[in-house]
>>> print(open('entry_38.txt').read())   # compact mmCIF, C-alpha atoms
# COMPACT_ATOMS: atom_id res chain seq x y z
CA MET L 1 15.62 82.67 -165.00
CA ILE L 2 18.06 80.03 -163.84
CA ASN L 3 21.83 80.37 -164.12
CA ASP L 4 21.34 83.43 -166.34
CA LYS L 5 19.26 81.33 -168.75
CA ARG L 6 15.67 82.11 -169.73
CA LEU L 7 13.04 79.44 -169.08
CA LEU L 8 9.76 79.19 -170.97
CA ALA L 9 6.82 77.24 -169.59
CA LEU L 10 4.79 76.01 -172.57
CA ILE L 11 1.31 74.61 -172.06
CA PRO L 12 -0.12 72.84 -175.13
CA ALA L 13 -3.92 72.84 -174.91
CA ARG L 14 -5.88 72.20 -178.06
CA SER L 15 -9.59 71.66 -178.32
CA GLY L 16 -11.06 68.54 -179.83
CA SER L 17 -10.46 65.82 -177.27
CA LYS L 18 -12.59 62.84 -178.26
CA ARG L 19 -12.42 60.78 -175.06
CA LEU L 20 -13.19 63.70 -172.74
CA PRO L 21 -14.63 66.67 -174.65
CA ASN L 22 -13.45 70.11 -173.45
CA LYS L 23 -11.14 68.46 -170.91
CA ASN L 24 -8.80 71.45 -170.60
CA THR L 25 -11.62 73.72 -169.44
CA LEU L 26 -13.48 71.24 -167.22
CA ASN L 27 -13.71 72.13 -163.55
CA LEU L 28 -11.29 70.34 -161.24
CA ALA L 29 -11.54 71.28 -157.56
CA GLY L 30 -12.98 74.71 -158.30
CA LYS L 31 -11.05 75.81 -161.36
CA PRO L 32 -10.49 74.80 -164.97
CA LEU L 33 -8.03 71.95 -165.50
CA ILE L 34 -5.63 74.19 -167.43
CA ALA L 35 -5.51 76.70 -164.56
CA TRP L 36 -3.52 74.27 -162.39
CA SER L 37 -0.65 74.20 -164.90
CA ILE L 38 -0.76 77.95 -165.46
CA GLU L 39 -0.60 78.67 -161.74
CA ALA L 40 2.27 76.22 -161.23
CA GLY L 41 4.24 77.86 -164.01
CA LEU L 42 3.57 81.36 -162.71
CA GLN L 43 4.56 80.38 -159.17
CA SER L 44 7.86 78.83 -160.26
CA LYS L 45 10.83 80.90 -159.20
CA TYR L 46 12.62 80.13 -162.48
CA VAL L 47 9.97 80.42 -165.20
CA ASP L 48 10.23 83.68 -167.12
CA ARG L 49 7.05 83.35 -169.15
CA VAL L 50 4.04 81.03 -169.27
CA VAL L 51 2.67 80.58 -172.80
CA VAL L 52 -0.40 78.58 -173.77
CA SER L 53 -0.51 77.17 -177.28
CA THR L 54 -4.10 76.62 -178.31
CA ASN L 55 -6.49 76.71 -181.24
CA CYS L 56 -9.50 77.48 -179.04
CA ALA L 57 -10.80 80.93 -178.07
CA SER L 58 -12.35 79.58 -174.86
CA ILE L 59 -9.06 78.02 -173.72
CA ALA L 60 -7.24 81.22 -174.69
CA ASN L 61 -9.63 83.39 -172.66
CA ILE L 62 -9.43 81.17 -169.58
CA SER L 63 -5.63 81.06 -169.89
CA LYS L 64 -5.40 84.83 -170.01
CA ASP L 65 -7.77 85.13 -167.05
CA TYR L 66 -5.36 82.98 -165.02
CA GLY L 67 -2.32 85.02 -166.07
CA ALA L 68 -0.83 83.09 -168.98
CA ASP L 69 0.18 84.62 -172.27
CA VAL L 70 -1.51 83.51 -175.48
CA PRO L 71 0.52 85.47 -178.03
CA PHE L 72 -0.97 83.68 -181.05
CA MET L 73 -3.50 81.00 -181.92
CA ARG L 74 -2.24 77.61 -183.00
CA PRO L 75 -3.02 76.72 -186.64
CA ASP L 76 -5.48 73.95 -187.46
CA GLU L 77 -2.79 71.64 -188.87
CA LEU L 78 -1.12 71.60 -185.43
CA SER L 79 -4.39 70.98 -183.61
CA THR L 80 -5.32 67.51 -184.85
CA ASP L 81 -4.95 64.09 -183.26
CA MET L 82 -1.98 63.52 -185.56
CA ALA L 83 -0.08 66.68 -184.64
CA THR L 84 2.94 65.98 -182.46
CA THR L 85 3.95 67.87 -179.37
CA ILE L 86 7.41 68.54 -180.79
CA ASP L 87 5.82 70.20 -183.81
CA VAL L 88 3.83 72.44 -181.46
CA VAL L 89 7.01 73.29 -179.54
CA ARG L 90 8.88 74.13 -182.76
CA TYR L 91 6.00 76.26 -184.01
CA THR L 92 5.80 78.13 -180.71
CA LEU L 93 9.53 78.82 -180.66
CA ASP L 94 9.42 80.02 -184.27
CA MET L 95 6.53 82.37 -183.49
CA LEU L 96 8.26 83.72 -180.38
CA LYS L 97 11.48 84.18 -182.37
CA GLN L 98 9.53 86.38 -184.80
CA GLN L 99 8.59 88.49 -181.77
CA ASN L 100 12.28 88.65 -180.77
CA ASP L 101 11.57 86.51 -177.69
CA PHE L 102 14.17 83.78 -177.09
CA TYR L 103 14.58 81.06 -174.45
CA ASP L 104 17.40 78.77 -173.38
CA TYR L 105 15.17 76.15 -171.77
CA ILE L 106 11.59 74.98 -172.12
CA VAL L 107 9.47 73.18 -169.60
CA LEU L 108 6.42 71.50 -171.10
CA LEU L 109 3.44 71.62 -168.73
CA GLN L 110 0.70 69.29 -169.88
CA PRO L 111 -2.68 70.49 -168.58
CA THR L 112 -3.60 66.87 -167.87
CA SER L 113 -1.01 66.76 -165.06
CA PRO L 114 -2.65 69.06 -162.51
CA LEU L 115 -0.86 67.58 -159.49
CA ARG L 116 2.53 68.83 -160.69
CA ASN L 117 3.31 72.06 -158.85
CA GLU L 118 5.88 74.85 -158.80
CA VAL L 119 8.17 72.89 -156.49
CA ASN L 120 8.31 70.06 -159.04
CA ILE L 121 9.07 72.57 -161.81
CA ASP L 122 11.80 74.26 -159.78
CA GLU L 123 13.39 70.96 -158.79
CA ALA L 124 13.42 69.81 -162.42
CA ALA L 125 15.03 73.09 -163.49
CA GLU L 126 17.69 72.74 -160.83
CA LEU L 127 18.57 69.26 -162.07
>>> encode(input="entry_38.txt", output="structure tokens")
Amino acid sequence: MINDKRLLALIPARSGSKRLPNKNTLNLAGKPLIAWSIEAGLQSKYVDRVVVSTNCASIANISKDYGADVPFMRPDELSTDMATTIDVVRYTLDMLKQQNDFYDYIVLLQPTSPLRNEVNIDEAAEL
């Protein structure tokens, strides 16, 4: 929470990458690529919840193992090359709203940016 506002860390991680198959679960320095984003979100002093949006059971299981929430599976129509990130964000917020879970701010943590850490997240939130 920051300034009495709730902050959601959303990690979009679908399967189906064509250039680098299974990229979100590939090992990077001893852990799956997605784990770096999950850990950064969990270590942020402002993030209230880390949610992974995925269509893949393997990504979901790894995400849960690293402490993220996967409260639902992303539908196929939002898991294609043509699906936009904003559509995934809207879908996630709608699903969380149905669970009576609301946020004032969202930080989008792309799993393909593993060098971003909790300090970067906190500094962005403070801005």
>>> residues_around(input="entry_38.txt", residues="Ile59 in chain L", least_positions_apart="4", cutoff="9 Å", atoms="only C-alpha atoms", output="list of chain:residue names")
L:Ala13, L:Arg14, L:Ser15, L:Asn24, L:Thr25, L:Ile34, L:Val52, L:Thr54, L:Asn55, L:Ser63, L:Lys64
>>> closest_residue(input="entry_38.txt", among="L:Gln98, L:Thr112, L:Thr85, L:Asn120", to="Ser53 in chain L", atoms="all atoms listed in the file")
L:Thr85
>>> closest_residue(input="entry_38.txt", among="L:Met95, L:Leu109, L:Cys56, L:Val89", to="Glu39 in chain L", atoms="only C-alpha atoms")
L:Leu109
>>> closest_atom_pairs(input="entry_38.txt", of="range 73-97 of chain L", to="range 46-51 of chain L", cutoff="12 Å", atoms="all atoms listed in the file", output="tab-separated table")
residue	atom	partner	partner_atom	distance
L:Met73	CA	L:Val51	CA	11.0
L:Arg74	CA	L:Val51	CA	11.7
L:Val88	CA	L:Val51	CA	11.9
L:Val89	CA	L:Val51	CA	10.8
L:Thr92	CA	L:Val51	CA	8.9
L:Leu93	CA	L:Val51	CA	10.6
L:Met95	CA	L:Val51	CA	11.5
L:Leu96	CA	L:Val51	CA	9.9
>>> atom_distance(input="entry_38.txt", atom1="CA of Val70 in chain L", atom2="CA of Ala40 in chain L")
16.4 Å
>>> closest_residue(input="entry_38.txt", among="L:Ser58, L:Asp4, L:Thr80, L:Pro71", to="Gln99 in chain L", atoms="all atoms listed in the file")
L:Pro71
>>> closest_residue(input="entry_38.txt", among="L:Ser37, L:Asn3, L:Ser44, L:Asn100", to="Glu118 in chain L", atoms="all atoms listed in the file")
L:Ser44
>>> residues_around(input="entry_38.txt", residues="Gln43 in chain L", least_positions_apart="5", cutoff="10 Å", atoms="only C-alpha atoms", output="list in words")
Ser37, Ile38, Asn117, Glu118, Val119, Ile121 and Asp122 of chain L
>>> closest_residue(input="entry_38.txt", among="L:Tyr105, L:Leu26, L:Ala60, L:Ile86", to="Ala125 in chain L", atoms="all atoms listed in the file")
L:Tyr105
>>> closest_residue(input="entry_38.txt", among="L:Gly30, L:Gly41, L:Pro21, L:Pro75", to="Gln110 in chain L", atoms="only C-alpha atoms")
L:Gly41
>>> residues_around(input="entry_38.txt", residues="Arg6 in chain L", least_positions_apart="4", cutoff="6 Å", atoms="all atoms listed in the file", output="PyMOL selection string")
chain L and resi 1+103-104
>>> decode(input="entry_38.txt", residues="range 59-70 of chain L", atoms="N, CA and C atoms", output="PDB file, in the first residue's frame")
ATOM      1  N   ILE L  59       3.100 -22.627 -16.055  1.00  0.00           N
ATOM      2  CA  ILE L  59       3.424 -21.275 -15.572  1.00  0.00           C
ATOM      3  C   ILE L  59       2.682 -21.008 -14.269  1.00  0.00           C
ATOM      4  N   ALA L  60       1.429 -21.405 -14.196  1.00  0.00           N
ATOM      5  CA  ALA L  60       0.636 -21.206 -12.978  1.00  0.00           C
ATOM      6  C   ALA L  60       1.273 -21.929 -11.792  1.00  0.00           C
ATOM      7  N   ASN L  61       1.686 -23.160 -11.984  1.00  0.00           N
ATOM      8  CA  ASN L  61       2.289 -23.934 -10.892  1.00  0.00           C
ATOM      9  C   ASN L  61       3.603 -23.324 -10.428  1.00  0.00           C
ATOM     10  N   ILE L  62       4.438 -22.931 -11.365  1.00  0.00           N
ATOM     11  CA  ILE L  62       5.713 -22.296 -11.008  1.00  0.00           C
ATOM     12  C   ILE L  62       5.446 -20.988 -10.267  1.00  0.00           C
ATOM     13  N   SER L  63       4.485 -20.215 -10.757  1.00  0.00           N
ATOM     14  CA  SER L  63       4.148 -18.931 -10.133  1.00  0.00           C
ATOM     15  C   SER L  63       3.704 -19.125  -8.692  1.00  0.00           C
ATOM     16  N   LYS L  64       2.856 -20.097  -8.468  1.00  0.00           N
ATOM     17  CA  LYS L  64       2.397 -20.384  -7.107  1.00  0.00           C
ATOM     18  C   LYS L  64       3.549 -20.846  -6.227  1.00  0.00           C
ATOM     19  N   ASP L  65       4.437 -21.661  -6.787  1.00  0.00           N
ATOM     20  CA  ASP L  65       5.600 -22.132  -6.023  1.00  0.00           C
ATOM     21  C   ASP L  65       6.473 -20.980  -5.548  1.00  0.00           C
ATOM     22  N   TYR L  66       6.513 -19.895  -6.322  1.00  0.00           N
ATOM     23  CA  TYR L  66       7.329 -18.732  -5.968  1.00  0.00           C
ATOM     24  C   TYR L  66       6.540 -17.681  -5.193  1.00  0.00           C
ATOM     25  N   GLY L  67       5.280 -17.965  -4.872  1.00  0.00           N
ATOM     26  CA  GLY L  67       4.527 -17.096  -3.983  1.00  0.00           C
ATOM     27  C   GLY L  67       3.506 -16.175  -4.623  1.00  0.00           C
ATOM     28  N   ALA L  68       3.351 -16.240  -5.934  1.00  0.00           N
ATOM     29  CA  ALA L  68       2.359 -15.402  -6.610  1.00  0.00           C
ATOM     30  C   ALA L  68       0.980 -16.041  -6.528  1.00  0.00           C
ATOM     31  N   ASP L  69      -0.019 -15.224  -6.714  1.00  0.00           N
ATOM     32  CA  ASP L  69      -1.388 -15.709  -6.806  1.00  0.00           C
ATOM     33  C   ASP L  69      -1.750 -15.909  -8.269  1.00  0.00           C
ATOM     34  N   VAL L  70      -2.457 -16.983  -8.536  1.00  0.00           N
ATOM     35  CA  VAL L  70      -3.019 -17.247  -9.868  1.00  0.00           C
ATOM     36  C   VAL L  70      -4.495 -17.559  -9.626  1.00  0.00           C
TER      37      VAL L  70
END
